[in-house]
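Each remark here refers to the structure printed beneath this line.
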Amino acid sequence: MSRVPFYLKERLEEVRRRVLFETYEVQKLPRWERITFTWLVLFSFWIVISGNLSLENIFAGALSSLIISSFMYDMLTDDIRASGHLIEKIIYIALFLVPQYLFIMIFRLLESNFRVAKHAILLDINPGIVKIRSDLHSDTGLTILANSITLTPGTLTIDVDKKLGEAYLYVHWLNVETLDREKAGYKIKGDIEEWLKKIFW
Amino acid sequence: MVEENLLVNPFGWGVILLLITASLVSYRVLFGPTLADRMVGLNTVTTKIVVIIALLSVLLEAYFLLDIAIVLLMVNAVSGLILAKYMEVRR
Amino acid sequence: MIEYFFLALGLLVMVFSTLGILRFPDVYTRLHATTKCDTGGAMSIMIALAIYVDASFFIKLKFLILAFLIALINPMVSHAVARGAYKYGIKPKVVVDMYAWDNP
């Protein structure tokens, strides 16, 4: 990629953008499925927050969340792509993948708490800002990856540089061990990114 | 049953300890060297206040306070984002 | 009995967060202390309260919603504050700074 002449580079970028558009942007969900998905999320949130199950309360919640979701359907479901049956996929994610993610993140959060406590007592820090590479493209996947990196021990995401094919994360690290991009990415991300690749694109 | 004294329960001791730590963090809000230090201190104090409200709603058995805690958490998020955007533009 | 264990763990983590925010040298390392320890301690105390309280099912669910919102909002605000502080001109005390190489 670095040895390509400059007049071919723009053409190559255009071809890659076209391929990404063909593979991802075309197969969005139809509109009524997006409206139904947004309505389900908003209505379940209404029931949990309001907390009583009388009839007029449920009717008012359904009506107001339907009005909101009829013109805000594009914010929540922008990154969902149609691949296979949607309901089977949602059941598989909720029953198998989300408990796996919680089981990973709880122990990482405990370890990061005690490591920060150790650093606060002893003050043996050696900080630095390194740059790692990520394979995800979508906004939701990058957000969840950045939040997971922030909660894992010793790292804090500062900025995201999102280009066409790949995305780069700038990470503030409390104890810099390597400067190599691949080794640092493997040490920081761990097995979270392999988990996230199963859901997001 | 509403308990009159706060200190008969371990959760009441938690309220006292969280108040002491919040008043210690307010040193960073008052004398922080830069603007970002004050924002970090304010964010920490607000998270501790949310936890204190949730503890008090159990101790006093007044569960409407949980809605106030959720609203305070959302206001904290919006104010943090607005101040960060202000610092980014201001230079 | 297990709720008192969760409460003690959360309070211990909160105290270490206060120690970290008072002792660390610059903004970014203070952000490490506040975001990790506050998120872990608040979630632990919320789980302890959801086990302890004897009320209806929706109120227990509300505590878990509060823990989920804390885990969602707190890293996001810390990320925004770190980026804003770097753009504002606060230099970090680090050994290597790859962010300054790419954005001079």
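Ordering of the structure tokens sets the chain letters (A, B, ...); residue numbers start at 1 within each chain; ligands are numbered from 1 in the order shown.
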
How close does chain A get to chain B? List, as a tab-separated table, each residue of chain A within 12 Å, its nearest atom pair and the distance in Å to one decimal, counting only C-alpha atoms.
```
residue	atom	partner	partner_atom	distance
A:Val48	CA	B:Asp67	CA	11.2
A:Ile49	CA	B:Asp67	CA	7.8
A:Ser50	CA	B:Asp67	CA	9.2
A:Gly51	CA	B:Phe64	CA	10.7
```

How about saving the chosen residues, N, CA and C atoms kept, as an mmCIF file, in the first residue's frame?
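Once everything was written out, this is result.cif:
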```cif
data_model
loop_
_atom_site.group_PDB
_atom_site.id
_atom_site.type_symbol
_atom_site.label_atom_id
_atom_site.label_comp_id
_atom_site.auth_asym_id
_atom_site.auth_seq_id
_atom_site.Cartn_x
_atom_site.Cartn_y
_atom_site.Cartn_z
ATOM 1 N N VAL A 48 -39.985 -0.462 33.097
ATOM 2 C CA VAL A 48 -39.083 -0.624 34.239
ATOM 3 C C VAL A 48 -39.014 0.655 35.057
ATOM 4 N N ILE A 49 -38.954 1.824 34.388
ATOM 5 C CA ILE A 49 -38.801 3.068 35.135
ATOM 6 C C ILE A 49 -40.095 3.456 35.841
ATOM 7 N N SER A 50 -41.245 3.349 35.165
ATOM 8 C CA SER A 50 -42.493 3.811 35.802
ATOM 9 C C SER A 50 -42.928 2.860 36.908
ATOM 10 N N GLY A 51 -42.907 1.560 36.688
ATOM 11 C CA GLY A 51 -43.026 0.619 37.771
ATOM 12 C C GLY A 51 -44.397 0.180 38.190
#
```

(message) Could you list, as a list of chain:residue names, every residue within 9 Å of Thr34 in chain B, counting only C-alpha atoms and ignoring same-chain residues fewer than 3 positions away?
(response) B:Phe31, B:Asp37, B:Arg38, C:Val27, C:Ile90

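Distance annotation: of C:Tyr88, C:Phe16, C:Phe5, C:Phe68, the residue with the minimal separation from chain A is C:Phe16; atom set is only C-alpha atoms.
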
(request) Enumerate the residues of chain B with a DSSP assignment of helix (DSSP H, G or I), computed from the backbone, and present them as a count of residues only. (result) 76

Show me which bits of chain C are within 9 Å of chain A, counting only C-alpha atoms, as a CSV table (one decimal) with all heavy atoms, in the first residue's frame.
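Contents of selection05.csv, as written:
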```csv
chain,number,residue,atom,x,y,z
C,13,VAL,N,-13.0,0.0,47.7
C,13,VAL,CA,-12.6,0.5,46.4
C,13,VAL,C,-12.8,2.0,46.3
C,13,VAL,O,-11.9,2.8,45.7
C,13,VAL,CB,-13.3,-0.3,45.3
C,13,VAL,CG1,-13.1,0.4,43.9
C,13,VAL,CG2,-12.8,-1.7,45.2
C,16,PHE,N,-9.9,3.8,48.0
C,16,PHE,CA,-8.7,3.8,47.2
C,16,PHE,C,-8.8,4.8,46.0
C,16,PHE,O,-7.8,5.3,45.6
C,16,PHE,CB,-8.4,2.4,46.7
C,16,PHE,CG,-7.7,1.6,47.8
C,16,PHE,CD1,-8.2,0.4,48.2
C,16,PHE,CD2,-6.5,2.1,48.3
C,16,PHE,CE1,-7.5,-0.4,49.1
C,16,PHE,CE2,-5.9,1.3,49.3
C,16,PHE,CZ,-6.4,0.1,49.7
C,17,SER,N,-10.0,5.0,45.5
C,17,SER,CA,-10.2,6.0,44.4
C,17,SER,C,-9.9,7.4,44.9
C,17,SER,O,-9.3,8.1,44.3
C,17,SER,CB,-11.7,5.9,43.9
C,17,SER,OG,-12.1,7.2,43.7
C,19,LEU,N,-7.9,8.1,47.4
C,19,LEU,CA,-6.4,8.2,47.6
C,19,LEU,C,-5.7,8.4,46.3
C,19,LEU,O,-4.8,9.2,46.2
C,19,LEU,CB,-5.9,6.9,48.3
C,19,LEU,CG,-4.5,6.8,48.8
C,19,LEU,CD1,-4.4,7.8,49.9
C,19,LEU,CD2,-4.2,5.5,49.3
C,20,GLY,N,-6.2,7.7,45.2
C,20,GLY,CA,-5.6,7.9,43.9
C,20,GLY,C,-5.8,9.3,43.4
C,20,GLY,O,-4.9,9.8,42.8
C,21,ILE,N,-7.0,9.8,43.5
C,21,ILE,CA,-7.2,11.1,42.9
C,21,ILE,C,-6.5,12.2,43.7
C,21,ILE,O,-6.2,13.3,43.1
C,21,ILE,CB,-8.7,11.4,42.8
C,21,ILE,CG1,-9.0,12.5,41.8
C,21,ILE,CG2,-9.3,11.9,44.1
C,21,ILE,CD1,-10.4,12.7,41.5
C,23,ARG,N,-3.3,11.7,45.0
C,23,ARG,CA,-1.9,11.5,45.0
C,23,ARG,C,-1.3,11.5,43.6
C,23,ARG,O,-0.1,11.7,43.5
C,23,ARG,CB,-1.5,10.2,45.7
C,23,ARG,CG,-1.5,10.3,47.2
C,23,ARG,CD,-0.9,9.1,47.8
C,23,ARG,NE,0.6,9.1,47.6
C,23,ARG,CZ,1.4,8.1,47.9
C,23,ARG,NH1,0.9,7.0,48.4
C,23,ARG,NH2,2.7,8.2,47.6
C,24,PHE,N,-2.0,11.1,42.6
C,24,PHE,CA,-1.4,11.0,41.2
C,24,PHE,C,-1.0,12.3,40.7
C,24,PHE,O,-1.5,13.4,41.0
C,24,PHE,CB,-2.4,10.3,40.3
C,24,PHE,CG,-2.4,8.8,40.3
C,24,PHE,CD1,-3.5,8.1,40.2
C,24,PHE,CD2,-1.2,8.1,40.6
C,24,PHE,CE1,-3.5,6.7,40.2
C,24,PHE,CE2,-1.2,6.8,40.7
C,24,PHE,CZ,-2.3,6.1,40.5
C,28,TYR,N,-4.3,12.7,33.4
C,28,TYR,CA,-4.6,11.5,32.8
C,28,TYR,C,-4.5,10.3,33.8
C,28,TYR,O,-5.4,9.4,33.8
C,28,TYR,CB,-3.7,11.2,31.6
C,28,TYR,CG,-3.8,12.4,30.7
C,28,TYR,CD1,-2.8,13.4,30.7
C,28,TYR,CD2,-4.8,12.5,29.8
C,28,TYR,CE1,-2.9,14.5,29.9
C,28,TYR,CE2,-4.9,13.6,28.9
C,28,TYR,CZ,-3.9,14.6,29.0
C,28,TYR,OH,-4.0,15.6,28.1
C,29,THR,N,-3.5,10.3,34.7
C,29,THR,CA,-3.4,9.3,35.7
C,29,THR,C,-4.5,9.4,36.7
C,29,THR,O,-5.0,8.4,37.2
C,29,THR,CB,-2.1,9.3,36.3
C,29,THR,OG1,-1.8,10.7,36.6
C,29,THR,CG2,-1.0,8.8,35.4
C,31,LEU,N,-7.5,10.4,36.0
C,31,LEU,CA,-8.7,9.8,35.3
C,31,LEU,C,-8.7,8.3,35.4
C,31,LEU,O,-9.7,7.7,35.6
C,31,LEU,CB,-8.6,10.2,33.8
C,31,LEU,CG,-9.4,11.5,33.5
C,31,LEU,CD1,-9.2,11.8,32.0
C,31,LEU,CD2,-10.8,11.3,33.8
C,32,HIS,N,-7.5,7.7,35.4
C,32,HIS,CA,-7.4,6.3,35.6
C,32,HIS,C,-8.0,5.9,37.0
C,32,HIS,O,-8.9,5.0,37.0
C,32,HIS,CB,-5.9,5.8,35.7
C,32,HIS,CG,-5.3,5.5,34.4
C,32,HIS,ND1,-5.5,4.3,33.7
C,32,HIS,CD2,-4.6,6.3,33.6
C,32,HIS,CE1,-4.9,4.4,32.6
C,32,HIS,NE2,-4.3,5.5,32.5
C,33,ALA,N,-7.6,6.6,38.0
C,33,ALA,CA,-8.1,6.3,39.4
C,33,ALA,C,-9.7,6.5,39.4
C,33,ALA,O,-10.4,5.6,39.9
C,33,ALA,CB,-7.4,7.2,40.4
C,35,THR,N,-12.1,6.8,37.1
C,35,THR,CA,-13.1,6.0,36.3
C,35,THR,C,-13.1,4.6,36.7
C,35,THR,O,-14.2,4.0,36.8
C,35,THR,CB,-12.8,6.2,34.8
C,35,THR,OG1,-13.7,5.5,34.1
C,35,THR,CG2,-11.4,5.7,34.4
C,36,LYS,N,-12.0,3.9,36.9
C,36,LYS,CA,-12.0,2.5,37.2
C,36,LYS,C,-12.6,2.3,38.6
C,36,LYS,O,-13.6,1.5,38.8
C,36,LYS,CB,-10.7,1.9,37.1
C,36,LYS,CG,-10.3,1.6,35.7
C,36,LYS,CD,-8.9,1.3,35.5
C,36,LYS,CE,-8.5,1.5,34.1
C,36,LYS,NZ,-7.2,2.1,34.0
C,37,CYS,N,-12.1,3.0,39.6
C,37,CYS,CA,-12.5,2.6,40.9
C,37,CYS,C,-13.9,3.1,41.2
C,37,CYS,O,-14.6,2.4,41.9
C,37,CYS,CB,-11.5,3.2,41.9
C,37,CYS,SG,-9.9,2.4,41.9
C,39,THR,N,-16.4,3.3,39.0
C,39,THR,CA,-17.3,2.4,38.4
C,39,THR,C,-17.4,1.1,39.1
C,39,THR,O,-18.5,0.6,39.4
C,39,THR,CB,-16.9,2.1,36.9
C,39,THR,OG1,-16.6,3.4,36.3
C,39,THR,CG2,-17.9,1.4,36.2
C,40,GLY,N,-16.3,0.5,39.5
C,40,GLY,CA,-16.3,-0.8,40.2
C,40,GLY,C,-17.0,-0.7,41.6
C,40,GLY,O,-17.8,-1.5,42.0
C,41,GLY,N,-16.7,0.4,42.3
C,41,GLY,CA,-17.3,0.5,43.7
C,41,GLY,C,-18.8,0.8,43.6
C,41,GLY,O,-19.6,0.2,44.4
C,58,PHE,N,-39.8,-4.6,40.6
C,58,PHE,CA,-39.4,-3.5,39.8
C,58,PHE,C,-38.3,-2.6,40.5
C,58,PHE,O,-37.5,-2.1,39.9
C,58,PHE,CB,-40.6,-2.6,39.5
C,58,PHE,CG,-41.4,-3.2,38.4
C,58,PHE,CD1,-42.6,-3.7,38.6
C,58,PHE,CD2,-40.9,-3.3,37.1
C,58,PHE,CE1,-43.4,-4.3,37.6
C,58,PHE,CE2,-41.7,-3.8,36.1
C,58,PHE,CZ,-42.9,-4.3,36.4
C,59,ILE,N,-38.4,-2.6,41.8
C,59,ILE,CA,-37.4,-1.7,42.5
C,59,ILE,C,-36.0,-2.4,42.5
C,59,ILE,O,-35.0,-1.7,42.3
C,59,ILE,CB,-37.9,-1.4,43.9
C,59,ILE,CG1,-39.1,-0.5,43.8
C,59,ILE,CG2,-36.9,-0.8,44.8
C,59,ILE,CD1,-39.8,-0.3,45.1
C,61,LEU,N,-35.1,-4.2,40.1
C,61,LEU,CA,-34.6,-4.1,38.7
C,61,LEU,C,-34.1,-2.6,38.5
C,61,LEU,O,-33.2,-2.4,37.7
C,61,LEU,CB,-35.8,-4.3,37.8
C,61,LEU,CG,-35.4,-4.8,36.4
C,61,LEU,CD1,-34.5,-6.0,36.4
C,61,LEU,CD2,-36.7,-5.1,35.6
C,62,LYS,N,-34.6,-1.7,39.2
C,62,LYS,CA,-34.2,-0.3,39.1
C,62,LYS,C,-32.7,-0.1,39.6
C,62,LYS,O,-32.0,0.6,39.0
C,62,LYS,CB,-35.1,0.6,39.9
C,62,LYS,CG,-35.8,1.7,39.1
C,62,LYS,CD,-36.6,2.6,39.9
C,62,LYS,CE,-38.0,2.6,39.3
C,62,LYS,NZ,-38.8,3.6,40.1
C,65,ILE,N,-30.6,-1.3,36.8
C,65,ILE,CA,-30.6,-0.3,35.7
C,65,ILE,C,-29.6,0.8,36.0
C,65,ILE,O,-28.9,1.3,35.2
C,65,ILE,CB,-32.0,0.3,35.5
C,65,ILE,CG1,-32.9,-0.7,34.8
C,65,ILE,CG2,-32.0,1.6,34.7
C,65,ILE,CD1,-32.7,-0.8,33.3
C,71,ALA,N,-22.1,2.0,34.5
C,71,ALA,CA,-21.0,1.4,33.7
C,71,ALA,C,-21.0,1.9,32.3
C,71,ALA,O,-20.0,1.8,31.6
C,71,ALA,CB,-21.3,-0.1,33.7
C,72,LEU,N,-22.1,2.4,31.8
C,72,LEU,CA,-22.2,3.0,30.4
C,72,LEU,C,-21.7,4.4,30.4
C,72,LEU,O,-21.0,4.8,29.4
C,72,LEU,CB,-23.6,2.9,29.9
C,72,LEU,CG,-23.8,3.1,28.4
C,72,LEU,CD1,-23.1,1.9,27.7
C,72,LEU,CD2,-25.3,3.1,28.1
C,75,PRO,N,-17.2,5.6,31.7
C,75,PRO,CA,-16.0,5.6,30.8
C,75,PRO,C,-16.2,6.6,29.7
C,75,PRO,O,-15.2,7.2,29.2
C,75,PRO,CB,-16.0,4.2,30.3
C,75,PRO,CG,-16.7,3.4,31.2
C,75,PRO,CD,-17.8,4.3,31.8
C,76,MET,N,-17.5,6.9,29.2
C,76,MET,CA,-17.7,7.8,28.1
C,76,MET,C,-17.3,9.2,28.5
C,76,MET,O,-16.6,9.9,27.8
C,76,MET,CB,-19.2,7.8,27.8
C,76,MET,CG,-19.6,8.6,26.6
C,76,MET,SD,-21.3,8.4,26.3
C,76,MET,CE,-21.9,9.4,27.7
C,78,SER,N,-15.2,10.1,30.9
C,78,SER,CA,-13.7,10.1,31.1
C,78,SER,C,-13.0,10.2,29.8
C,78,SER,O,-12.0,11.0,29.7
C,78,SER,CB,-13.2,8.9,31.9
C,78,SER,OG,-13.0,7.9,31.0
C,79,HIS,N,-13.5,9.5,28.8
C,79,HIS,CA,-12.9,9.6,27.4
C,79,HIS,C,-13.0,11.0,26.9
C,79,HIS,O,-12.1,11.6,26.3
C,79,HIS,CB,-13.6,8.6,26.6
C,79,HIS,CG,-13.5,8.7,25.1
C,79,HIS,ND1,-12.4,8.3,24.4
C,79,HIS,CD2,-14.3,9.3,24.2
C,79,HIS,CE1,-12.5,8.6,23.2
C,79,HIS,NE2,-13.7,9.2,23.0
C,80,ALA,N,-14.2,11.6,27.0
C,80,ALA,CA,-14.4,13.0,26.6
C,80,ALA,C,-13.5,14.0,27.3
C,80,ALA,O,-13.0,14.9,26.7
C,80,ALA,CB,-15.9,13.4,26.7
C,81,VAL,N,-13.4,13.8,28.6
C,81,VAL,CA,-12.6,14.7,29.4
C,81,VAL,C,-11.1,14.6,29.0
C,81,VAL,O,-10.4,15.6,28.9
C,81,VAL,CB,-12.8,14.5,30.9
C,81,VAL,CG1,-11.7,15.2,31.7
C,81,VAL,CG2,-14.1,15.0,31.3
C,82,ALA,N,-10.6,13.4,28.7
C,82,ALA,CA,-9.2,13.2,28.3
C,82,ALA,C,-8.9,13.9,27.0
C,82,ALA,O,-7.9,14.6,26.8
C,82,ALA,CB,-8.9,11.7,28.3
C,83,ARG,N,-9.8,13.7,26.0
C,83,ARG,CA,-9.6,14.3,24.7
C,83,ARG,C,-9.7,15.8,24.8
C,83,ARG,O,-8.9,16.5,24.2
C,83,ARG,CB,-10.7,13.7,23.8
C,83,ARG,CG,-10.5,14.1,22.3
C,83,ARG,CD,-11.3,13.2,21.5
C,83,ARG,NE,-11.2,13.6,20.1
C,83,ARG,CZ,-12.1,14.4,19.5
C,83,ARG,NH1,-13.1,14.8,20.2
C,83,ARG,NH2,-12.0,14.7,18.2
C,86,TYR,N,-6.5,17.2,26.3
C,86,TYR,CA,-5.4,17.2,25.4
C,86,TYR,C,-5.5,18.3,24.4
C,86,TYR,O,-4.5,19.0,24.1
C,86,TYR,CB,-5.2,15.8,24.7
C,86,TYR,CG,-3.9,15.6,24.2
C,86,TYR,CD1,-3.0,14.8,24.9
C,86,TYR,CD2,-3.4,16.1,23.0
C,86,TYR,CE1,-1.7,14.5,24.5
C,86,TYR,CE2,-2.1,15.9,22.6
C,86,TYR,CZ,-1.3,15.1,23.4
C,86,TYR,OH,0.0,14.9,23.0
C,92,PRO,N,0.8,15.9,28.9
C,92,PRO,CA,1.0,14.8,29.8
C,92,PRO,C,2.4,14.5,30.1
C,92,PRO,O,3.3,14.7,29.3
C,92,PRO,CB,0.3,13.6,29.1
C,92,PRO,CG,0.5,14.0,27.7
C,92,PRO,CD,0.5,15.4,27.6
C,93,LYS,N,2.7,14.0,31.4
C,93,LYS,CA,4.0,13.6,31.8
C,93,LYS,C,4.2,12.1,31.4
C,93,LYS,O,3.9,11.3,32.2
C,93,LYS,CB,4.2,13.8,33.3
C,93,LYS,CG,4.1,15.3,33.7
C,93,LYS,CD,4.1,15.3,35.2
C,93,LYS,CE,3.8,16.8,35.7
C,93,LYS,NZ,3.6,16.9,37.1
C,94,VAL,N,4.7,11.9,30.2
C,94,VAL,CA,4.8,10.5,29.7
C,94,VAL,C,6.2,10.3,29.2
C,94,VAL,O,7.0,11.2,29.0
C,94,VAL,CB,3.8,10.2,28.6
C,94,VAL,CG1,2.4,10.1,29.2
C,94,VAL,CG2,3.8,11.2,27.5
C,95,VAL,N,6.5,9.0,28.9
C,95,VAL,CA,7.8,8.7,28.3
C,95,VAL,C,7.7,8.6,26.8
C,95,VAL,O,8.7,8.9,26.1
C,95,VAL,CB,8.3,7.4,28.9
C,95,VAL,CG1,8.7,7.5,30.3
C,95,VAL,CG2,7.3,6.3,28.7
C,96,VAL,N,6.6,8.2,26.3
C,96,VAL,CA,6.4,8.2,24.8
C,96,VAL,C,5.0,8.7,24.5
C,96,VAL,O,4.0,8.4,25.2
C,96,VAL,CB,6.6,6.8,24.3
C,96,VAL,CG1,5.8,5.8,25.0
C,96,VAL,CG2,6.3,6.7,22.8
C,97,ASP,N,4.9,9.6,23.5
C,97,ASP,CA,3.6,10.3,23.2
C,97,ASP,C,3.3,10.1,21.7
C,97,ASP,O,3.7,10.9,20.9
C,97,ASP,CB,3.7,11.7,23.6
C,97,ASP,CG,2.3,12.4,23.6
C,97,ASP,OD1,1.4,11.7,23.1
C,97,ASP,OD2,2.2,13.5,24.0
C,98,MET,N,2.6,9.1,21.3
C,98,MET,CA,2.4,8.8,19.9
C,98,MET,C,1.2,9.7,19.4
C,98,MET,O,1.1,9.9,18.2
C,98,MET,CB,2.0,7.4,19.7
C,98,MET,CG,3.2,6.4,19.8
C,98,MET,SD,2.8,4.8,19.2
C,98,MET,CE,4.2,3.9,19.7
C,99,TYR,N,0.5,10.3,20.3
C,99,TYR,CA,-0.6,11.2,19.8
C,99,TYR,C,-0.1,12.5,19.3
C,99,TYR,O,-0.7,13.1,18.4
C,99,TYR,CB,-1.6,11.4,21.0
C,99,TYR,CG,-2.9,12.0,20.6
C,99,TYR,CD1,-3.7,11.3,19.7
C,99,TYR,CD2,-3.3,13.2,21.2
C,99,TYR,CE1,-4.9,11.9,19.3
C,99,TYR,CE2,-4.6,13.7,20.9
C,99,TYR,CZ,-5.3,13.1,19.9
C,99,TYR,OH,-6.5,13.6,19.6
```

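The coordinates place CA of Arg133 in chain A at 24.4 Å from CA of Pro5 in chain A.
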
Quick one: contact table of chain B to chain C, 7 Å max, nearest atom pair and distance in Å to one decimal per residue, counting only C-alpha atoms, chain and number order, as a Markdown table?
```
| residue | atom | partner | partner_atom | distance |
| --- | --- | --- | --- | --- |
| B:Gly14 | CA | C:Leu11 | CA | 6.9 |
| B:Thr21 | CA | C:Thr18 | CA | 6.3 |
| B:Val25 | CA | C:Thr18 | CA | 6.3 |
| B:Ala36 | CA | C:Ala85 | CA | 6.1 |
| B:Asp37 | CA | C:Val27 | CA | 6.1 |
| B:Val40 | CA | C:Leu31 | CA | 6.9 |
| B:Thr44 | CA | C:Thr34 | CA | 6.4 |
| B:Val51 | CA | C:Ala42 | CA | 6.5 |
| B:Val58 | CA | C:Val53 | CA | 6.8 |
| B:Ile70 | CA | C:Leu66 | CA | 6.5 |
| B:Ala77 | CA | C:Val77 | CA | 6.3 |
| B:Gly80 | CA | C:Val77 | CA | 6.0 |
| B:Leu81 | CA | C:Val77 | CA | 6.4 |
| B:Ala84 | CA | C:Gly84 | CA | 5.0 |
| B:Lys85 | CA | C:Gly84 | CA | 6.5 |
| B:Met87 | CA | C:Gly84 | CA | 5.4 |
| B:Glu88 | CA | C:Gly84 | CA | 4.6 |
| B:Arg90 | CA | C:Tyr88 | CA | 6.9 |
| B:Arg91 | CA | C:Tyr88 | CA | 4.6 |
```

(message) Just to confirm, what's the straight-line distance from CA of Ile68 in chain A to CA of Leu40 in chain A in Å (one decimal)?
(response)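 Pair CA of Ile68 in chain A / CA of Leu40 in chain A returns 11.7 Å.
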
(message) Give me the residues near Ile53 in chain B as a ChimeraX atom specification, where near means some atom within 7 Å (using only C-alpha atoms) and where sequence neighbours in that chain fewer than 4 positions away do not count.
(response) /B:49,57,65,69

Residues just named, written with N, CA, C and O atoms as a short mmCIF file (atom, residue, chain, number, x, y, z; two decimals), in the first residue's frame:
```
data_model
loop_
_atom_site.label_atom_id
_atom_site.label_comp_id
_atom_site.auth_asym_id
_atom_site.auth_seq_id
_atom_site.Cartn_x
_atom_site.Cartn_y
_atom_site.Cartn_z
N ILE B 49 -22.38 11.06 45.14
CA ILE B 49 -23.69 11.54 45.60
C ILE B 49 -24.82 10.64 45.09
O ILE B 49 -25.79 10.38 45.82
N SER B 57 -32.29 5.97 49.95
CA SER B 57 -33.63 5.52 49.56
C SER B 57 -33.95 4.16 50.16
O SER B 57 -35.11 3.85 50.41
N LEU B 65 -36.77 8.25 45.54
CA LEU B 65 -35.46 8.89 45.40
C LEU B 65 -34.62 8.25 44.31
O LEU B 65 -33.68 8.87 43.80
N ALA B 69 -31.98 9.84 41.49
CA ALA B 69 -30.61 9.38 41.27
C ALA B 69 -30.35 9.16 39.79
O ALA B 69 -29.31 9.57 39.26
#
```

(message) Restricting the calculation to only C-alpha atoms: of B:Met39, B:Val15, B:Val50, B:Gly32, which residue gets closest to Met74 in chain B?
(response)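 The closest residue to Met74 in chain B is B:Val50.
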
(message) Taking 2 positions as the minimum chain separation for residues in the same chain, which residues sit within 12 Å of Trp39 in chain A when counting only C-alpha atoms? Answer as a list in words.
(response)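 Close residues of Trp39 in chain A: Trp32, Glu33, Arg34, Ile35, Thr36, Phe37, Val41, Leu42, Phe43, Ser44, Phe45, Trp46, Gly61, Ala62, Leu63, Ser64, Ser65, Leu66, Ile67, Ile68, Ser69, Ser70, Phe71, Met72, Tyr73, Asp74, Leu76 and Thr77 of chain A.
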
(request) Record the distance separating CA of Lys187 in chain A and CA of Arg108 in chain A, expressed in Å with one decimal. (result)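 Here the two named atoms are 13.1 Å from each other.
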